[in-house]
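Okay, entry.txt is below, compact mmCIF, C-alpha atoms:
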# COMPACT_ATOMS: atom_id res chain seq x y z
CA MET K 83 0.00 0.00 0.00
CA SER K 84 2.79 2.40 0.87
CA ALA K 85 4.55 1.48 -2.40
CA LEU K 86 1.38 2.36 -4.29
CA ALA K 87 1.14 5.66 -2.42
CA PHE K 88 4.79 6.36 -3.24
CA PHE K 89 4.31 5.71 -6.95
CA THR K 90 1.11 7.79 -7.02
CA ALA K 91 2.91 10.69 -5.36
CA GLN K 92 5.81 10.33 -7.77
CA ALA K 93 3.49 10.30 -10.80
CA ALA K 94 1.65 13.35 -9.46
CA GLY K 95 4.98 15.12 -8.93
CA ARG K 96 6.09 14.34 -12.47
CA GLY K 97 2.74 15.53 -13.82
CA PHE K 98 3.15 18.78 -11.91
CA ALA K 99 6.69 19.26 -13.19
CA ASN K 100 5.56 18.58 -16.78
CA ALA K 101 2.71 21.08 -16.38
CA MET K 102 5.11 23.73 -15.04
CA MET K 103 7.62 23.21 -17.87
CA ILE K 104 4.93 23.31 -20.56
CA SER K 105 3.37 26.40 -18.93
CA ALA K 106 6.72 28.20 -19.04
CA ILE K 107 7.11 27.51 -22.78
CA VAL K 108 3.51 28.57 -23.49
CA ILE K 109 3.50 31.75 -21.37
CA PHE K 110 6.84 33.05 -22.70
CA ALA K 111 5.80 32.27 -26.30
CA THR K 112 2.46 34.04 -25.90
CA VAL K 113 4.00 37.16 -24.36
CA GLY K 114 6.55 37.16 -27.20
CA ASP K 115 3.90 36.72 -29.90
CA VAL K 116 1.67 39.49 -28.54
CA LEU K 117 4.60 41.91 -28.17
CA ILE K 118 5.83 41.20 -31.70
CA ALA K 119 2.32 41.47 -33.20
CA ALA K 120 1.73 44.75 -31.33
CA ALA K 121 5.15 46.03 -32.46
CA MET K 122 4.52 45.19 -36.12
CA ARG K 123 1.09 46.78 -35.97
CA GLY K 124 2.56 49.93 -34.41
CA ILE K 125 5.36 50.14 -37.00
CA GLY K 126 2.90 50.01 -39.90
CA ASP K 127 3.15 48.68 -43.44
CA LEU K 128 6.76 47.57 -44.01
CA ASP K 129 6.38 47.93 -47.81
CA GLU K 130 5.54 51.62 -47.42
CA ILE K 131 8.44 52.20 -45.03
CA ARG K 132 10.77 50.42 -47.43
CA ALA K 133 9.53 52.52 -50.34
CA LYS K 134 10.20 55.66 -48.33
CA SER K 135 13.49 54.92 -46.55
CA GLY K 136 14.84 51.74 -48.13
CA LEU K 137 15.48 48.26 -46.73
CA GLY K 138 17.86 49.66 -44.10
CA GLY K 139 15.13 52.02 -42.91
CA ALA K 140 12.65 49.14 -42.64
CA ILE K 141 15.13 47.04 -40.62
CA ALA K 142 15.93 50.03 -38.39
CA ALA K 143 12.19 50.64 -37.83
CA VAL K 144 11.71 47.02 -36.68
CA LEU K 145 14.86 46.74 -34.55
CA GLY K 146 14.30 50.20 -33.03
CA SER K 147 10.97 49.10 -31.60
CA ALA K 148 11.32 48.31 -27.90
CA LYS K 149 8.25 46.06 -28.13
CA PHE K 150 9.80 44.03 -30.95
CA VAL K 151 13.13 43.58 -29.12
CA SER K 152 11.41 42.54 -25.89
CA GLY K 153 9.16 40.20 -27.93
CA VAL K 154 12.25 38.48 -29.34
CA PHE K 155 13.69 38.25 -25.81
CA PHE K 156 10.55 36.40 -24.61
CA MET K 157 10.71 34.12 -27.68
CA ALA K 158 14.28 33.23 -26.70
CA LEU K 159 13.14 32.48 -23.12
CA SER K 160 10.44 30.23 -24.59
CA PHE K 161 13.01 28.39 -26.72
CA PHE K 162 15.31 27.73 -23.77
CA SER K 163 12.30 26.58 -21.73
CA LEU K 164 11.61 24.13 -24.57
CA LEU K 165 15.19 22.83 -24.43
CA PHE K 166 14.90 22.49 -20.63
CA ALA K 167 11.60 20.60 -20.93
CA LEU K 168 12.97 18.29 -23.64
CA SER K 169 15.86 17.33 -21.37
CA HIS K 170 13.31 16.01 -18.83
CA ALA K 171 10.10 14.96 -20.59
CA ASP K 172 8.92 13.05 -23.68
CA LEU K 173 9.00 14.82 -27.05
CA SER K 174 5.59 13.32 -27.89
CA LEU K 175 4.12 15.20 -24.91
CA VAL K 176 6.06 18.47 -24.93
CA ALA K 177 5.98 19.35 -28.65
CA PRO K 178 2.22 18.93 -29.36
CA ALA K 179 1.15 20.26 -25.95
CA SER K 180 3.27 23.44 -26.06
CA ALA K 181 2.49 24.23 -29.72
CA SER K 182 -1.25 23.75 -29.39
CA LEU K 183 -1.66 25.45 -26.01
CA THR K 184 0.27 28.46 -27.35
CA PHE K 185 -2.35 28.53 -30.08
CA VAL K 186 -5.12 28.74 -27.45
CA THR K 187 -3.42 31.33 -25.22
CA ASN K 188 -2.64 33.40 -28.32
CA ALA K 189 -6.35 33.40 -29.18
CA VAL K 190 -7.18 34.63 -25.65
CA ALA K 191 -4.36 37.21 -25.67
CA ALA K 192 -5.31 38.43 -29.16
CA LYS K 193 -8.85 38.93 -27.95
CA ILE K 194 -7.81 40.87 -24.83
CA PHE K 195 -4.72 42.82 -25.94
CA LEU K 196 -5.00 43.11 -29.72
CA LYS K 197 -8.84 43.39 -29.85
CA GLU K 198 -9.12 40.73 -32.54
CA ASN K 199 -12.36 38.90 -33.20
CA VAL K 200 -12.39 35.38 -31.81
CA ASP K 201 -15.59 33.63 -32.90
CA ARG K 202 -17.36 30.69 -31.30
CA ARG K 203 -15.77 28.23 -33.70
CA ARG K 204 -12.31 29.19 -32.46
CA TRP K 205 -13.35 28.80 -28.81
CA ILE K 206 -14.68 25.33 -29.57
CA ALA K 207 -11.37 24.49 -31.27
CA ALA K 208 -9.59 25.80 -28.15
CA LEU K 209 -11.64 23.38 -26.02
CA PHE K 210 -10.67 20.51 -28.37
CA VAL K 211 -7.04 21.42 -27.90
CA CYS K 212 -7.26 21.63 -24.10
CA ALA K 213 -9.04 18.28 -23.92
CA GLY K 214 -6.41 16.79 -26.22
CA VAL K 215 -3.53 18.07 -24.08
CA ALA K 216 -5.21 16.75 -20.90
CA LEU K 217 -5.51 13.31 -22.51
CA MET K 218 -1.89 13.36 -23.64
CA ALA K 219 -0.56 14.27 -20.23
CA ALA K 220 -2.66 11.61 -18.48
CA MET Z 362 -0.95 26.11 -56.70
CA THR Z 363 2.16 25.12 -58.55
CA PHE Z 364 4.36 22.11 -57.85
CA ARG Z 365 6.95 24.41 -56.27
CA ARG Z 366 4.36 25.67 -53.76
CA TYR Z 367 3.44 22.13 -52.74
CA VAL Z 368 7.14 21.52 -52.13
CA VAL Z 369 7.25 24.59 -49.84
CA LEU Z 370 4.18 23.31 -47.93
CA ALA Z 371 5.83 19.90 -47.60
CA ILE Z 372 8.92 21.63 -46.15
CA VAL Z 373 6.65 23.48 -43.68
CA ALA Z 374 5.06 20.18 -42.60
CA LEU Z 375 8.34 18.24 -42.34
CA THR Z 376 10.95 20.63 -40.93
CA ALA Z 377 9.10 21.51 -37.69
CA PRO Z 378 8.72 17.90 -36.42
CA LEU Z 379 12.23 17.00 -37.64
CA GLY Z 380 13.67 20.07 -35.88
CA ASP Z 381 11.88 19.27 -32.62
CA THR Z 382 13.06 15.66 -32.84
CA MET Z 383 16.68 16.79 -33.25
CA LEU Z 384 16.31 19.14 -30.23
CA SER Z 385 14.93 16.26 -28.19
CA LEU Z 386 17.72 13.93 -29.34
CA GLY Z 387 20.36 16.49 -28.35
CA MET Z 388 18.80 17.28 -24.97
CA LYS Z 389 18.27 13.61 -24.05
CA ARG Z 390 21.94 13.00 -24.83
CA LEU Z 391 22.97 15.86 -22.51
CA GLY Z 392 20.71 14.55 -19.74
CA PRO Z 393 18.29 16.40 -17.46
CA VAL Z 394 19.20 20.05 -16.92
CA SER Z 395 18.85 21.08 -13.27
CA LEU Z 396 17.46 24.47 -12.24
CA ASP Z 397 20.80 25.30 -10.53
CA ASN Z 398 22.66 24.80 -13.77
CA LEU Z 399 20.71 26.69 -16.44
CA GLY Z 400 23.94 27.75 -18.15
CA MET Z 401 23.97 24.23 -19.61
CA LEU Z 402 21.13 25.36 -21.90
CA ILE Z 403 23.50 27.84 -23.59
CA HIS Z 404 26.07 25.08 -23.91
CA ALA Z 405 23.37 22.81 -25.39
CA VAL Z 406 22.88 25.18 -28.34
CA MET Z 407 26.44 24.35 -29.46
CA THR Z 408 25.91 20.57 -29.59
CA PRO Z 409 25.51 19.17 -33.14
CA GLN Z 410 21.99 17.76 -32.69
CA VAL Z 411 20.54 20.91 -31.11
CA ALA Z 412 22.32 23.13 -33.67
CA LEU Z 413 20.87 21.01 -36.49
CA GLY Z 414 17.45 21.23 -34.83
CA ILE Z 415 17.72 25.02 -34.71
CA ALA Z 416 18.76 25.10 -38.40
CA LEU Z 417 15.70 22.98 -39.29
CA LEU Z 418 13.41 25.26 -37.26
CA ILE Z 419 14.85 28.28 -39.10
CA CYS Z 420 14.04 26.48 -42.40
CA PHE Z 421 10.55 25.88 -41.03
CA PHE Z 422 10.08 29.54 -40.14
CA ALA Z 423 11.34 30.75 -43.53
CA SER Z 424 9.10 28.37 -45.49
CA TYR Z 425 6.18 29.15 -43.18
CA LEU Z 426 6.56 32.88 -43.84
CA ALA Z 427 7.00 32.24 -47.56
CA SER Z 428 3.82 30.14 -47.71
CA LEU Z 429 1.86 32.78 -45.79
CA SER Z 430 2.79 35.32 -48.44
CA TRP Z 431 0.80 33.43 -51.09
CA ALA Z 432 -1.61 31.25 -49.13
CA ASP Z 433 -4.23 31.89 -46.45
CA LEU Z 434 -3.29 31.01 -42.90
CA THR Z 435 -6.29 28.67 -43.00
CA PHE Z 436 -4.58 26.77 -45.80
CA VAL Z 437 -1.16 26.64 -44.14
CA LEU Z 438 -2.31 25.76 -40.59
CA PRO Z 439 -3.45 22.21 -41.47
CA ALA Z 440 0.03 21.62 -42.91
CA THR Z 441 1.57 22.62 -39.58
CA SER Z 442 -0.95 20.60 -37.53
CA ILE Z 443 0.02 17.43 -39.44
CA GLY Z 444 3.33 18.07 -37.66
CA ASN Z 445 1.71 16.95 -34.37
CA VAL Z 446 1.10 13.51 -35.87
CA LEU Z 447 4.54 13.39 -37.51
CA VAL Z 448 6.27 14.34 -34.25
CA ALA Z 449 4.43 11.49 -32.49
CA LEU Z 450 5.53 9.01 -35.17
CA LEU Z 451 9.14 10.26 -35.00
CA ALA Z 452 9.05 10.05 -31.18
CA LYS Z 453 7.76 6.48 -31.31
CA PHE Z 454 9.92 5.00 -34.05
CA TRP Z 455 13.10 7.07 -33.78
CA LEU Z 456 13.28 8.05 -30.10
CA HIS Z 457 11.45 4.88 -28.96
CA GLU Z 458 9.08 6.77 -26.65
CA GLN Z 459 6.09 4.93 -25.22
CA ILE Z 460 2.91 6.56 -26.52
CA SER Z 461 -0.20 5.52 -24.62
CA PRO Z 462 -3.59 5.24 -26.40
CA GLY Z 463 -4.71 8.31 -24.41
CA ARG Z 464 -1.82 10.32 -25.84
CA TRP Z 465 -2.64 9.20 -29.41
CA ILE Z 466 -6.26 10.29 -28.92
CA GLY Z 467 -5.04 13.61 -27.49
CA ILE Z 468 -2.78 14.22 -30.49
CA LEU Z 469 -5.60 13.41 -32.94
CA LEU Z 470 -7.99 15.69 -31.00
CA ILE Z 471 -5.55 18.61 -31.25
CA THR Z 472 -5.01 18.03 -34.95
CA ALA Z 473 -8.79 17.90 -35.48
CA GLY Z 474 -9.16 21.13 -33.46
CA VAL Z 475 -6.75 22.97 -35.75
CA GLY Z 476 -8.55 21.60 -38.81
CA PHE Z 477 -11.83 22.83 -37.33
CA VAL Z 478 -10.54 26.40 -36.96
CA THR Z 479 -9.40 26.51 -40.56
CA GLN Z 480 -13.00 26.16 -41.72
CA GLY Z 481 -13.74 29.59 -40.25
CA PRO Z 482 -12.93 33.09 -41.50
CA SER Z 483 -9.21 33.79 -41.57
CA TYR Z 484 -9.09 37.53 -41.37
CA THR Z 485 -10.54 40.05 -38.95
CA GLU Z 486 -11.28 43.42 -40.49
CA THR Z 487 -10.34 46.45 -38.42
CA ALA Z 488 -12.67 49.43 -38.01
CA VAL Z 489 -10.41 51.53 -40.26
CA GLU Z 490 -10.54 48.95 -43.04
CA LYS Z 491 -14.31 48.73 -42.73
CA ALA Z 492 -14.62 52.51 -43.05
CA LYS Z 493 -12.58 52.33 -46.25
CA GLU Z 494 -15.14 49.94 -47.77
CA PRO Z 495 -18.55 51.62 -47.51
CA ALA Z 496 -20.06 49.17 -50.02
CA LEU Z 497 -19.17 46.20 -47.85
CA GLN Z 498 -20.46 47.96 -44.76
CA GLY Z 499 -23.77 48.55 -46.52
CA ALA Z 500 -24.02 44.90 -47.45
CA GLU Z 501 -23.41 43.90 -43.85
CA ALA Z 502 -26.01 46.34 -42.59
CA ARG Z 503 -28.58 44.83 -44.95
CA GLN Z 504 -27.76 41.37 -43.66
CA SER Z 505 -28.24 42.28 -40.01

Any chance you could put this one into structure tokens?
Amino acid sequence: MSALAFFTAQAAGRGFANAMMISAIVIFATVGDVLIAAAMRGIGDLDEIRAKSGLGGAIAAVLGSAKFVSGVFFMALSFFSLLFALSHADLSLVAPASASLTFVTNAVAAKIFLKENVDRRRWIAALFVCAGVALMAA
Amino acid sequence: MTFRRYVVLAIVALTAPLGDTMLSLGMKRLGPVSLDNLGMLIHAVMTPQVALGIALLICFFASYLASLSWADLTFVLPATSIGNVLVALLAKFWLHEQISPGRWIGILLITAGVGFVTQGPSYTETAVEKAKEPALQGAEARQS
């Protein structure tokens, strides 16, 4: 009985660790995505900027945006979180779970921060994804 | 759709799972990284498998951006969601991971979820864009 309790506790601990590692990847990626999307929206049409001030001007406009640079920083944090998670957990859990949950959190973040339309169909798809991740982690 | 564009979509679908598999291969070889020793993650980037994985993910990103320049996101997303299935197959047959039936169902559910989204509208019009198209606005007003 105590052996069973030990294994249950160990499995629960591993599940918690997996959840934390996947959450780190997803949260950093979402913050990065929203910052980069907001930066690109603020900068405006790159084709017009390039027509006016050349390719160098377009690159300077992107790299000069504090939002863009911090977005890239969060993307890098997300990538290193992915490497960390892959050193502990299965690829067949981490890769689908992090990619698809980022998709869901991006939908929520886009709704709140970028004021995009998220229709009922997308919320249903988000539920599919969450159910799928829960099944995978089980 | 030309043959060349199908090749680009195939690259989108293949490079992401291959890249992730290489990252996993490299990290499993290094062993678990402890929280006290996060500097190992920087060192990991230099190992051949992880470096190759990063190169593949850069190829993925480039082909993904290229495909988005001529195709709707709704057309490209299913190609990327196939990657979930491919990554599971690579994990099973190359990395020899155990994949429980529950995990297979989960992976299929996610892939179906992405396919479901792609049936919907792909683009949200902003208020400014709507104002630029009075004809469209009129049509919408008639509908409602």

Exercise for the section: Tell me which of K:Ala191, K:Val186, K:Ala177, K:Val108 sits closest to chain Z, counting all atoms listed in the file. Expected result: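 Closest to chain Z of all the choices is K:Ala177.
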
Tell me, counting only C-alpha atoms, for each residue of chain K within 9 Å of chain Z, which pair of atoms is nearest and how far apart they are in Å to one decimal, in rows ordered by chain and increasing number, as CSV.
residue,atom,partner,partner_atom,distance
K:Phe162,CA,Z:Leu402,CA,6.6
K:Ser163,CA,Z:Leu402,CA,8.9
K:Leu164,CA,Z:Leu384,CA,8.9
K:Leu165,CA,Z:Met388,CA,6.6
K:Phe166,CA,Z:Val394,CA,6.2
K:Ala167,CA,Z:Val394,CA,8.6
K:Leu168,CA,Z:Ser385,CA,5.4
K:Ser169,CA,Z:Met388,CA,4.6
K:His170,CA,Z:Pro393,CA,5.2
K:Ala171,CA,Z:Pro393,CA,8.9
K:Asp172,CA,Z:Glu458,CA,6.9
K:Leu173,CA,Z:Ser385,CA,6.2
K:Ser174,CA,Z:Ala449,CA,5.1
K:Leu175,CA,Z:Arg464,CA,7.7
K:Ala177,CA,Z:Asp381,CA,7.1
K:Pro178,CA,Z:Asn445,CA,5.4
K:Ala179,CA,Z:Ile468,CA,8.5
K:Ala181,CA,Z:Asn445,CA,8.7
K:Ser182,CA,Z:Ile471,CA,7.0
K:Glu198,CA,Z:Thr485,CA,6.6
K:Asn199,CA,Z:Thr485,CA,6.1
K:Val200,CA,Z:Thr485,CA,8.7
K:Asp201,CA,Z:Gly481,CA,8.6
K:Arg203,CA,Z:Val478,CA,6.4
K:Arg204,CA,Z:Val478,CA,5.6
K:Trp205,CA,Z:Val478,CA,8.9
K:Ile206,CA,Z:Gly474,CA,8.0
K:Ala207,CA,Z:Gly474,CA,4.6
K:Ala208,CA,Z:Gly474,CA,7.1
K:Leu209,CA,Z:Gly474,CA,8.2
K:Phe210,CA,Z:Gly474,CA,5.3
K:Val211,CA,Z:Ile471,CA,4.6
K:Cys212,CA,Z:Ile471,CA,7.9
K:Ala213,CA,Z:Gly467,CA,7.1
K:Gly214,CA,Z:Gly467,CA,3.7
K:Val215,CA,Z:Gly467,CA,5.8
K:Ala216,CA,Z:Gly467,CA,7.3
K:Leu217,CA,Z:Gly467,CA,5.0
K:Met218,CA,Z:Arg464,CA,3.8
K:Ala219,CA,Z:Arg464,CA,7.0
K:Ala220,CA,Z:Gly463,CA,7.1

Problem - Of the listed residues K:Ile118, K:Ala133, K:Ile109, K:Ala140, that which approaches K:Gly153 most closely, counting all atoms listed in the file - result: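 Smallest separation from K:Gly153 among the options: K:Ile118.
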
Fill in the blank from the handout: Atom pair atom CA of K:Phe185 + atom CA of K:Leu117, distance 15.2 Å

Practice task
Tell me, as a list of chain:residue names, which residues lie within 10 Å of stretch 120-130 of chain K, counting only C-alpha atoms; anything in the same chain fewer than 4 positions away does not count.
Solution key: K:Gly114, K:Asp115, K:Val116, K:Lys134, K:Ser135, K:Gly136, K:Leu137, K:Gly139, K:Ala140, K:Ile141, K:Ala143, K:Val144, K:Leu145, K:Gly146, K:Ser147, K:Ala148, K:Lys149, K:Phe150, K:Val151, K:Ser152, K:Gly153, K:Ala192, K:Phe195, K:Leu196

Problem - Within 6 Å of file point (8.7, 27.5, -27.5), counting all atoms listed in the file, expressed as a PyMOL selection string - result: chain K and resi 107+111+160-161+164

Keeping only C-alpha atoms, write the selected residues to a file as a CSV table (one decimal), keeping the file's coordinate frame.
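New file selection_18.csv:
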chain,number,residue,atom,x,y,z
K,107,ILE,CA,7.1,27.5,-22.8
K,111,ALA,CA,5.8,32.3,-26.3
K,160,SER,CA,10.4,30.2,-24.6
K,161,PHE,CA,13.0,28.4,-26.7
K,164,LEU,CA,11.6,24.1,-24.6

Handout entry: Best match for closeness to Z:Thr376 among Z:Leu418, Z:Pro409, Z:Leu429, Z:Gly400, counting all atoms listed in the file
Key = Z:Leu418

Completion exercise
atom CA of Z:Ser424 sits from atom CA of Z:Arg366 at a separation of 9.9 Å

Fill in the blank from the handout: Computed gap from atom CA of K:Ala106 to atom CA of K:Thr184 is 10.5 Å
